[in-house]
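S.K.: Contents of target.cif (mmCIF, C-alpha atoms and all ligand atoms):
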data_run
loop_
_atom_site.label_atom_id
_atom_site.label_comp_id
_atom_site.auth_asym_id
_atom_site.auth_seq_id
_atom_site.Cartn_x
_atom_site.Cartn_y
_atom_site.Cartn_z
CA MET R 25 -22.69 158.01 44.53
CA LYS R 26 -25.60 156.92 46.71
CA ALA R 27 -28.69 155.86 44.77
CA SER R 28 -30.78 157.81 47.28
CA VAL R 29 -29.66 161.04 45.57
CA PHE R 30 -31.87 160.11 42.58
CA ASP R 31 -34.65 158.30 44.49
CA GLN R 32 -38.12 159.40 43.36
CA GLN R 33 -39.97 156.81 45.45
CA HIS R 34 -38.95 158.02 48.89
CA SER R 35 -39.72 154.76 50.69
CA PRO R 36 -37.98 154.05 53.98
CA THR R 37 -34.40 152.89 53.34
CA LEU R 38 -33.10 149.73 55.00
CA SER R 39 -29.54 148.44 55.27
CA VAL R 40 -28.59 145.45 53.10
CA GLN R 41 -29.03 142.95 55.92
CA GLU R 42 -32.26 144.49 57.21
CA GLY R 43 -33.70 144.69 53.71
CA TYR R 44 -32.85 141.20 52.53
CA THR R 45 -33.82 139.67 55.87
CA ALA R 46 -37.26 141.21 55.41
CA TRP R 47 -37.45 140.22 51.73
CA ALA R 48 -36.00 136.67 51.93
CA ALA R 49 -39.24 134.72 52.42
CA THR R 50 -40.94 136.27 49.38
CA TYR R 51 -37.90 136.99 47.20
CA ASP R 52 -38.35 133.93 44.98
CA GLU R 53 -41.99 134.84 44.36
CA MET R 54 -40.67 137.72 42.27
CA LYS R 55 -40.82 135.46 39.23
CA ALA R 56 -40.09 138.43 37.03
CA GLY R 57 -36.59 138.38 38.46
CA SER R 58 -35.76 135.38 36.38
CA LEU R 59 -37.38 136.91 33.30
CA MET R 60 -34.94 139.78 33.74
CA ASP R 61 -31.61 138.04 34.03
CA TYR R 62 -31.92 134.42 32.88
CA PRO R 63 -32.26 135.53 29.23
CA LEU R 64 -29.11 137.62 29.67
CA LEU R 65 -27.18 134.67 31.04
CA ALA R 66 -28.33 132.66 28.05
CA ARG R 67 -26.81 135.26 25.71
CA ILE R 68 -23.27 134.60 26.94
CA GLN R 69 -21.21 133.02 24.18
CA ALA R 70 -17.82 132.52 25.77
CA VAL R 71 -18.69 130.18 28.64
CA ALA R 72 -19.28 126.45 28.18
CA TRP R 73 -21.42 126.13 31.30
CA GLY R 74 -21.57 122.35 31.19
CA GLN R 75 -17.79 122.14 31.39
CA LEU R 76 -17.48 124.18 34.56
CA GLU R 77 -16.34 122.09 37.50
CA ALA R 78 -16.66 124.69 40.27
CA VAL R 79 -18.41 128.07 40.47
CA ALA R 80 -18.33 130.57 43.34
CA ASP R 81 -21.72 132.29 43.49
CA LEU R 82 -21.09 135.52 45.39
CA ALA R 83 -24.14 137.23 46.89
CA CYS R 84 -25.96 134.01 46.06
CA GLY R 85 -29.06 135.15 47.93
CA THR R 86 -31.81 132.52 47.78
CA GLY R 87 -29.90 130.58 45.11
CA ARG R 88 -31.90 131.89 42.16
CA THR R 89 -28.80 132.25 39.97
CA GLY R 90 -27.54 128.95 41.37
CA VAL R 91 -30.61 127.17 40.02
CA TRP R 92 -29.81 128.46 36.52
CA LEU R 93 -26.16 127.44 36.84
CA LYS R 94 -27.04 123.91 37.99
CA GLU R 95 -29.60 123.55 35.19
CA HIS R 96 -26.85 124.46 32.75
CA GLY R 97 -24.49 121.77 33.96
CA VAL R 98 -22.23 123.35 36.59
CA ARG R 99 -20.91 120.55 38.81
CA PHE R 100 -20.12 122.22 42.14
CA LEU R 101 -21.53 125.49 43.47
CA ASP R 102 -20.25 127.34 46.52
CA GLY R 103 -22.37 130.26 47.67
CA VAL R 104 -21.58 133.29 49.83
CA ASP R 105 -24.00 135.87 51.16
CA LEU R 106 -24.17 138.50 53.87
CA THR R 107 -27.77 137.76 54.89
CA GLU R 108 -28.53 134.58 56.82
CA ALA R 109 -32.23 134.62 55.91
CA MET R 110 -31.33 134.57 52.19
CA LEU R 111 -28.85 131.75 52.77
CA GLU R 112 -31.57 129.72 54.52
CA GLN R 113 -33.62 129.86 51.31
CA ALA R 114 -30.57 128.81 49.30
CA ARG R 115 -29.85 125.94 51.69
CA ALA R 116 -33.37 124.62 51.23
CA LYS R 117 -32.77 124.26 47.48
CA GLY R 118 -30.04 121.67 48.11
CA ILE R 119 -27.94 122.75 45.13
CA TYR R 120 -24.87 124.19 46.89
CA ARG R 121 -21.83 122.19 47.97
CA ARG R 122 -21.06 124.87 50.53
CA LEU R 123 -22.78 128.02 51.76
CA SER R 124 -20.98 130.71 53.77
CA LEU R 125 -22.29 133.69 55.67
CA ALA R 126 -19.68 136.26 54.62
CA ASP R 127 -18.99 139.47 52.78
CA LEU R 128 -18.32 138.87 49.11
CA ARG R 129 -15.37 141.25 49.34
CA GLN R 130 -13.56 138.92 51.72
CA THR R 131 -14.82 135.37 51.45
CA PRO R 132 -13.61 132.25 53.25
CA LEU R 133 -13.33 130.43 49.89
CA SER R 134 -9.98 129.06 48.72
CA ALA R 135 -7.89 131.03 46.25
CA HIS R 136 -7.69 129.98 42.59
CA SER R 137 -10.25 127.22 43.04
CA TYR R 138 -13.05 128.23 40.69
CA ASP R 139 -13.57 128.14 36.93
CA LEU R 140 -16.06 130.99 37.21
CA VAL R 141 -17.26 133.52 39.74
CA SER R 142 -20.82 134.81 39.47
CA VAL R 143 -22.15 137.94 41.13
CA GLY R 144 -25.87 138.56 40.76
CA LEU R 145 -27.63 141.85 41.52
CA ALA R 146 -25.33 142.83 44.35
CA ASP R 147 -22.77 145.30 43.03
CA GLU R 148 -25.25 148.15 43.54
CA HIS R 149 -25.08 147.52 47.28
CA LEU R 150 -21.31 147.99 47.53
CA PRO R 151 -19.82 151.35 48.50
CA GLU R 152 -16.78 150.49 46.33
CA LEU R 153 -16.33 148.19 43.35
CA LEU R 154 -12.63 147.41 43.51
CA PRO R 155 -12.85 144.87 46.41
CA LEU R 156 -15.41 142.85 44.45
CA TYR R 157 -13.14 142.52 41.42
CA GLN R 158 -10.13 141.83 43.64
CA GLU R 159 -11.86 139.01 45.48
CA ALA R 160 -13.18 137.50 42.25
CA ALA R 161 -9.64 137.61 40.84
CA ARG R 162 -8.33 135.85 43.94
CA LEU R 163 -10.91 133.07 43.62
CA VAL R 164 -10.64 132.14 39.94
CA ARG R 165 -8.21 129.74 38.37
CA PRO R 166 -5.96 131.13 35.62
CA ALA R 167 -8.10 132.09 32.60
CA GLY R 168 -11.23 131.77 34.74
CA TYR R 169 -14.34 133.88 34.21
CA LEU R 170 -16.36 136.41 36.12
CA VAL R 171 -20.02 136.89 35.21
CA LEU R 172 -21.60 139.91 36.82
CA VAL R 173 -25.32 140.63 36.50
CA GLY R 174 -26.25 144.03 37.83
CA TYR R 175 -29.15 146.42 38.16
CA HIS R 176 -28.88 148.81 35.22
CA PRO R 177 -27.95 152.33 36.40
CA PHE R 178 -30.51 153.73 33.97
CA PHE R 179 -33.21 152.72 36.43
CA GLN R 180 -31.50 154.20 39.46
CA LEU R 181 -30.83 157.41 37.56
CA SER R 182 -34.51 157.45 36.57
CA GLY R 183 -35.41 157.50 40.26
CA VAL R 184 -36.03 153.77 40.87
CA PRO R 185 -33.75 152.29 43.51
CA THR R 186 -33.86 148.64 44.68
CA THR R 187 -37.34 148.37 46.15
CA PHE R 188 -39.53 145.60 47.52
CA GLU R 189 -42.85 145.28 49.31
CA GLN R 190 -42.71 144.44 52.97
CA ARG R 191 -45.17 142.08 54.68
CA THR R 192 -47.04 145.17 55.86
CA GLY R 193 -47.67 146.08 52.24
CA GLU R 194 -45.44 149.12 52.54
CA PRO R 195 -42.60 149.51 50.04
CA ALA R 196 -39.02 149.71 51.29
CA THR R 197 -35.78 150.59 49.58
CA ILE R 198 -32.45 148.85 50.20
CA GLU R 199 -29.46 151.13 50.36
CA GLY R 200 -27.46 151.25 47.17
CA TYR R 201 -24.95 153.01 44.98
CA VAL R 202 -24.90 154.02 41.33
CA TYR R 203 -22.02 152.88 39.12
CA LEU R 204 -21.57 153.75 35.47
CA PHE R 205 -20.13 151.01 33.29
CA SER R 206 -16.84 152.89 33.07
CA ALA R 207 -16.41 152.49 36.85
CA HIS R 208 -16.78 148.74 36.44
CA VAL R 209 -14.32 148.58 33.56
CA GLN R 210 -11.73 150.61 35.46
CA ALA R 211 -12.02 148.54 38.65
CA ALA R 212 -11.94 145.29 36.68
CA ASN R 213 -8.92 146.35 34.64
CA GLU R 214 -7.02 147.18 37.80
CA CYS R 215 -7.41 143.57 38.85
CA GLY R 216 -6.35 142.09 35.52
CA TRP R 217 -9.81 141.36 34.13
CA LEU R 218 -10.45 141.72 30.42
CA LEU R 219 -13.97 142.58 29.27
CA ARG R 220 -15.16 139.87 26.89
CA GLU R 221 -18.90 140.48 26.60
CA LEU R 222 -21.37 143.13 27.66
CA HIS R 223 -25.12 142.65 27.29
CA GLU R 224 -27.87 145.00 28.33
CA ARG R 225 -31.58 144.70 28.77
CA LEU R 226 -33.91 147.59 29.43
CA ILE R 227 -37.61 147.84 28.65
CA ASP R 228 -38.01 145.87 25.44
CA GLU R 229 -40.86 144.18 23.58
CA ALA R 230 -40.26 140.83 25.27
CA TRP R 231 -40.47 142.49 28.67
CA ILE R 232 -43.68 144.32 27.81
CA ALA R 233 -45.18 141.06 26.53
CA ARG R 234 -44.28 139.12 29.69
CA PRO R 235 -47.08 137.31 31.50
CA SER R 236 -48.52 139.50 34.23
CA ALA R 237 -47.29 139.01 37.81
CA SER R 238 -48.32 135.68 39.36
CA PRO R 239 -50.82 135.60 42.23
CA ALA R 240 -47.87 134.72 44.45
CA SER R 241 -46.35 138.11 43.91
CA GLY R 242 -49.77 139.68 44.42
CA SER R 243 -50.19 143.37 44.46
CA SER R 244 -46.52 143.84 45.09
CA GLY R 245 -45.69 142.76 41.55
CA PRO R 246 -45.67 146.01 39.65
CA ARG R 247 -43.84 147.86 42.35
CA MET R 248 -41.21 145.19 42.73
CA LEU R 249 -40.82 144.90 39.01
CA ALA R 250 -40.35 148.59 38.76
CA GLY R 251 -37.99 148.49 41.70
CA ARG R 252 -35.78 145.76 40.34
CA GLY R 253 -35.78 146.88 36.74
CA ARG R 254 -33.76 145.11 34.13
CA PRO R 255 -30.20 144.12 34.72
CA ARG R 256 -27.08 144.38 32.70
CA LYS R 257 -24.60 141.60 32.47
CA ARG R 258 -20.90 141.68 31.97
CA LEU R 259 -18.46 138.92 31.39
CA ALA R 260 -14.80 139.37 32.06
CA ARG R 261 -11.90 136.98 31.71
CA ARG R 262 -8.91 136.95 34.00
CA THR R 263 -5.73 137.50 32.03
CA ARG R 264 -3.05 137.33 34.70
C1 LIG R 301 -30.89 141.14 44.91
S1 LIG R 301 -30.18 139.87 45.90
C2 LIG R 301 -29.48 138.85 44.64
C3 LIG R 301 -29.42 137.40 45.00
C4 LIG R 301 -29.08 136.47 43.86
N1 LIG R 301 -27.73 136.68 43.38
C5 LIG R 301 -30.08 136.66 42.73
O1 LIG R 301 -29.68 137.13 41.67
O2 LIG R 301 -31.24 136.36 42.92
C6 LIG R 301 -28.75 140.68 46.57
C7 LIG R 301 -28.02 139.80 47.56
O3 LIG R 301 -26.74 140.37 47.76
C8 LIG R 301 -26.38 140.16 49.10
N2 LIG R 301 -25.29 141.09 49.43
C9 LIG R 301 -25.31 142.43 49.36
N3 LIG R 301 -24.11 142.93 49.71
C10 LIG R 301 -23.33 141.86 49.97
C11 LIG R 301 -21.98 141.71 50.38
N4 LIG R 301 -21.18 142.78 50.58
N5 LIG R 301 -21.49 140.48 50.57
C12 LIG R 301 -22.28 139.39 50.37
N6 LIG R 301 -23.57 139.46 50.00
C13 LIG R 301 -24.08 140.69 49.79
C14 LIG R 301 -27.66 140.38 49.87
O4 LIG R 301 -27.63 139.82 51.16
C15 LIG R 301 -28.67 139.68 48.93
O5 LIG R 301 -28.85 138.35 49.28
#
What would you get if you wrote out this structure as structure tokens?
M.R.:
Amino acid sequence: MKASVFDQQHSPTLSVQEGYTAWAATYDEMKAGSLMDYPLLARIQAVAWGQLEAVADLACGTGRTGVWLKEHGVRFLDGVDLTEAMLEQARAKGIYRRLSLADLRQTPLSAHSYDLVSVGLADEHLPELLPLYQEAARLVRPAGYLVLVGYHPFFQLSGVPTTFEQRTGEPATIEGYVYLFSAHVQAANECGWLLRELHERLIDEAWIARPSASPASGSSGPRMLAGRGRPRKRLARRTR
């Protein structure tokens, strides 16, 4: 179901490419983004990050997740994203072996070449989940992993879609869809994935105690924080 059904903010809605093209230059200033999902990544028990040879980072965006992966010892990172302006930011970080402008549902990456596939904060932009899990299954080696960090549907259902502040100061929403966890589990199971871990983060004491938004994020901070909300993270292992 479209997230717009629950939208209480009623900002203008942009397509994925329009939205992230407009957001790309300031996306990394949303320091709170990393406060949201880096701690979740750190909770994963099953993955020995430092032993991963190759990771496919789907919807890599500016490379924010890629930075975390490199810091945790991943050797080679290949990134894919639909928005050239986001890829430009990722390219500037110099951490990717390869970056491709492509849809994560049909990437140019080689089959069965990755120890792990990561998908960060992108599933809510897909009209269907199955192609994501299918493509991830095509990319991983046998017994490889998929780590998916997503925007928690609690926030969308509470009326807060993916929102950012444009250069004009006006908020904008990026088109999205709401998926319950059961939809993810069903789509993943169809592709042979087995759920190994599920972590959630909503509004908690650590979040409330976070340092206030940096000057870089300026007045847009609270709105963007509210817009992005806290993600959930799932880890699945390919079984066949
Ligand atoms: C919120 S950003 C997340 C970027 C990065 N993973 C992170 O966590 O910071 C969402 C990204 O998903 C990308 N995206 C959305 N739909 C996509 C698709 N079908 N294929 C590839 N990239 C997509 C957008 O272009 C954008 O860069």
S.K.: Name all residues at most 10 Å from stretch 26-42 of chain R (count all atoms listed in the file; drop same-chain ones fewer than 5 positions away) and give them as a CSV table (one decimal) with C-alpha atoms, in the frame of the given file.
M.R.:
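Heads up, here's the output in part.csv:
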chain,number,residue,atom,x,y,z
R,47,TRP,CA,-37.4,140.2,51.7
R,105,ASP,CA,-24.0,135.9,51.2
R,106,LEU,CA,-24.2,138.5,53.9
R,107,THR,CA,-27.8,137.8,54.9
R,108,GLU,CA,-28.5,134.6,56.8
R,109,ALA,CA,-32.2,134.6,55.9
R,110,MET,CA,-31.3,134.6,52.2
R,146,ALA,CA,-25.3,142.8,44.4
R,148,GLU,CA,-25.2,148.2,43.5
R,149,HIS,CA,-25.1,147.5,47.3
R,150,LEU,CA,-21.3,148.0,47.5
R,151,PRO,CA,-19.8,151.4,48.5
R,177,PRO,CA,-28.0,152.3,36.4
R,179,PHE,CA,-33.2,152.7,36.4
R,180,GLN,CA,-31.5,154.2,39.5
R,181,LEU,CA,-30.8,157.4,37.6
R,182,SER,CA,-34.5,157.4,36.6
R,183,GLY,CA,-35.4,157.5,40.3
R,184,VAL,CA,-36.0,153.8,40.9
R,185,PRO,CA,-33.8,152.3,43.5
R,186,THR,CA,-33.9,148.6,44.7
R,187,THR,CA,-37.3,148.4,46.2
R,188,PHE,CA,-39.5,145.6,47.5
R,194,GLU,CA,-45.4,149.1,52.5
R,195,PRO,CA,-42.6,149.5,50.0
R,196,ALA,CA,-39.0,149.7,51.3
R,197,THR,CA,-35.8,150.6,49.6
R,198,ILE,CA,-32.4,148.8,50.2
R,199,GLU,CA,-29.5,151.1,50.4
R,200,GLY,CA,-27.5,151.2,47.2
R,201,TYR,CA,-25.0,153.0,45.0
R,202,VAL,CA,-24.9,154.0,41.3
R,203,TYR,CA,-22.0,152.9,39.1
R,251,GLY,CA,-38.0,148.5,41.7
S.K.: Go through the chains and note each residue within 9 Å of ligand LIG 301 (chain R), using only C-alpha atoms and all ligand atoms, then give the set as a PyMOL selection string.
M.R.: chain R and resi 40-45+48+51-52+57-58+61+81-90+104-111+125-131+142-151+156+173-175+186+252
S.K.: Generate a file of the selected residues that holds C-alpha atoms, formatted as a short mmCIF file (atom, residue, chain, number, x, y, z; two decimals), in the coordinates of the input.
M.R.:
data_model
loop_
_atom_site.label_atom_id
_atom_site.label_comp_id
_atom_site.auth_asym_id
_atom_site.auth_seq_id
_atom_site.Cartn_x
_atom_site.Cartn_y
_atom_site.Cartn_z
CA VAL R 40 -28.59 145.45 53.10
CA GLN R 41 -29.03 142.95 55.92
CA GLU R 42 -32.26 144.49 57.21
CA GLY R 43 -33.70 144.69 53.71
CA TYR R 44 -32.85 141.20 52.53
CA THR R 45 -33.82 139.67 55.87
CA ALA R 48 -36.00 136.67 51.93
CA TYR R 51 -37.90 136.99 47.20
CA ASP R 52 -38.35 133.93 44.98
CA GLY R 57 -36.59 138.38 38.46
CA SER R 58 -35.76 135.38 36.38
CA ASP R 61 -31.61 138.04 34.03
CA ASP R 81 -21.72 132.29 43.49
CA LEU R 82 -21.09 135.52 45.39
CA ALA R 83 -24.14 137.23 46.89
CA CYS R 84 -25.96 134.01 46.06
CA GLY R 85 -29.06 135.15 47.93
CA THR R 86 -31.81 132.52 47.78
CA GLY R 87 -29.90 130.58 45.11
CA ARG R 88 -31.90 131.89 42.16
CA THR R 89 -28.80 132.25 39.97
CA GLY R 90 -27.54 128.95 41.37
CA VAL R 104 -21.58 133.29 49.83
CA ASP R 105 -24.00 135.87 51.16
CA LEU R 106 -24.17 138.50 53.87
CA THR R 107 -27.77 137.76 54.89
CA GLU R 108 -28.53 134.58 56.82
CA ALA R 109 -32.23 134.62 55.91
CA MET R 110 -31.33 134.57 52.19
CA LEU R 111 -28.85 131.75 52.77
CA LEU R 125 -22.29 133.69 55.67
CA ALA R 126 -19.68 136.26 54.62
CA ASP R 127 -18.99 139.47 52.78
CA LEU R 128 -18.32 138.87 49.11
CA ARG R 129 -15.37 141.25 49.34
CA GLN R 130 -13.56 138.92 51.72
CA THR R 131 -14.82 135.37 51.45
CA SER R 142 -20.82 134.81 39.47
CA VAL R 143 -22.15 137.94 41.13
CA GLY R 144 -25.87 138.56 40.76
CA LEU R 145 -27.63 141.85 41.52
CA ALA R 146 -25.33 142.83 44.35
CA ASP R 147 -22.77 145.30 43.03
CA GLU R 148 -25.25 148.15 43.54
CA HIS R 149 -25.08 147.52 47.28
CA LEU R 150 -21.31 147.99 47.53
CA PRO R 151 -19.82 151.35 48.50
CA LEU R 156 -15.41 142.85 44.45
CA VAL R 173 -25.32 140.63 36.50
CA GLY R 174 -26.25 144.03 37.83
CA TYR R 175 -29.15 146.42 38.16
CA THR R 186 -33.86 148.64 44.68
CA ARG R 252 -35.78 145.76 40.34
#
S.K.: From the set R:Pro235, R:Glu152, R:Asp102, R:Ala72, which residue has the shortest atom-to-atom contact distance to R:Ser134, counting all atoms listed in the file?
M.R.: R:Asp102
S.K.: With distances taken over only C-alpha atoms, which residue among R:Val79, R:Ile119, R:Arg220, R:Phe178 lies nearest R:Glu95?
M.R.: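 Looking only at the distances to R:Glu95, the closest residue turns out to be R:Ile119.
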S.K.: With distances taken over only C-alpha atoms, which of R:Gly193, R:Ile232, R:Trp217, R:Leu153 is nearest to R:Met25?
M.R.: R:Leu153
S.K.: R:Ala212, R:Ala70, R:Leu154, R:Ala114: which is nearest R:Val91, counting all atoms listed in the file?
M.R.: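 Comparing R:Ala212, R:Ala70, R:Leu154, R:Ala114 against R:Val91, the winner is R:Ala114.
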S.K.: To one decimal place in Å, what is the distance between atom CA of R:Phe205 and atom CA of R:Met54?
M.R.: 26.1 Å
S.K.: Go ahead and compute the interatomic distance for atom CA of R:Met60 and atom CA of R:Arg225, in Å to one decimal.
M.R.: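 That distance, rounded to one decimal, is 7.8 Å.
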S.K.: If you count all atoms listed in the file, which residues fall within 9 Å of R:Arg99, apart from same-chain ones fewer than 2 positions away, as an MDAnalysis selection string?
M.R.: chainID R and resid 74:79 93:94 97 101
S.K.: Could you please take those selected residues and save C-alpha atoms as a CSV table (one decimal), keeping the file's coordinate frame?
M.R.:
chain,number,residue,atom,x,y,z
R,74,GLY,CA,-21.6,122.4,31.2
R,75,GLN,CA,-17.8,122.1,31.4
R,76,LEU,CA,-17.5,124.2,34.6
R,77,GLU,CA,-16.3,122.1,37.5
R,78,ALA,CA,-16.7,124.7,40.3
R,79,VAL,CA,-18.4,128.1,40.5
R,93,LEU,CA,-26.2,127.4,36.8
R,94,LYS,CA,-27.0,123.9,38.0
R,97,GLY,CA,-24.5,121.8,34.0
R,101,LEU,CA,-21.5,125.5,43.5
S.K.: Calculate how many Å separate atom CA of R:Leu222 from atom CA of R:Arg234, rounding to one decimal.
M.R.: 23.3 Å
S.K.: Please put the answer as lines of an AutoDock Vina configuration file: centre and edge lengths, in Å with one decimal, of a box along x, y and z that encloses all listed atoms of stretch 143-159 of chain R plus 4 Å on each side.
M.R.:
center_x = -18.9
center_y = 144.6
center_z = 44.6
size_x = 25.5
size_y = 21.4
size_z = 15.7
S.K.: Here's a test: counting all atoms listed in the file, identify every protein, DNA and RNA residue with an atom at most 7 Å from (-7.9, 140.7, 42.6) in the file's coordinate frame, and state them as a ChimeraX atom specification.
M.R.: /R:157-162,215
S.K.: Emit the selected residues as a compact mmCIF listing (two decimals), in the coordinates of the input, including C-alpha atoms.
M.R.:
# COMPACT_ATOMS: atom_id res chain seq x y z
CA TYR R 157 -13.14 142.52 41.42
CA GLN R 158 -10.13 141.83 43.64
CA GLU R 159 -11.86 139.01 45.48
CA ALA R 160 -13.18 137.50 42.25
CA ALA R 161 -9.64 137.61 40.84
CA ARG R 162 -8.33 135.85 43.94
CA CYS R 215 -7.41 143.57 38.85
S.K.: Given only C-alpha atoms as the basis, pick out the residue of R:His223, R:His96, R:Leu123, R:Ala135 nearest to R:Trp73.
M.R.: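 Going through R:His223, R:His96, R:Leu123, R:Ala135 one by one, the smallest distance to R:Trp73 is for R:His96.
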S.K.: Point out the residue among R:Leu204, R:Ala211, R:Ala80, R:Ala116 with the least atom-to-atom distance to R:Leu140, counting all atoms listed in the file.
M.R.: R:Ala80
S.K.: List as a ChimeraX atom specification the protein and nucleic acid residues near R:Arg122, meaning an atom at most 7 Å away when only C-alpha atoms are counted, but skip any in the same chain fewer than 2 places from it.
M.R.: /R:102-103,120,124
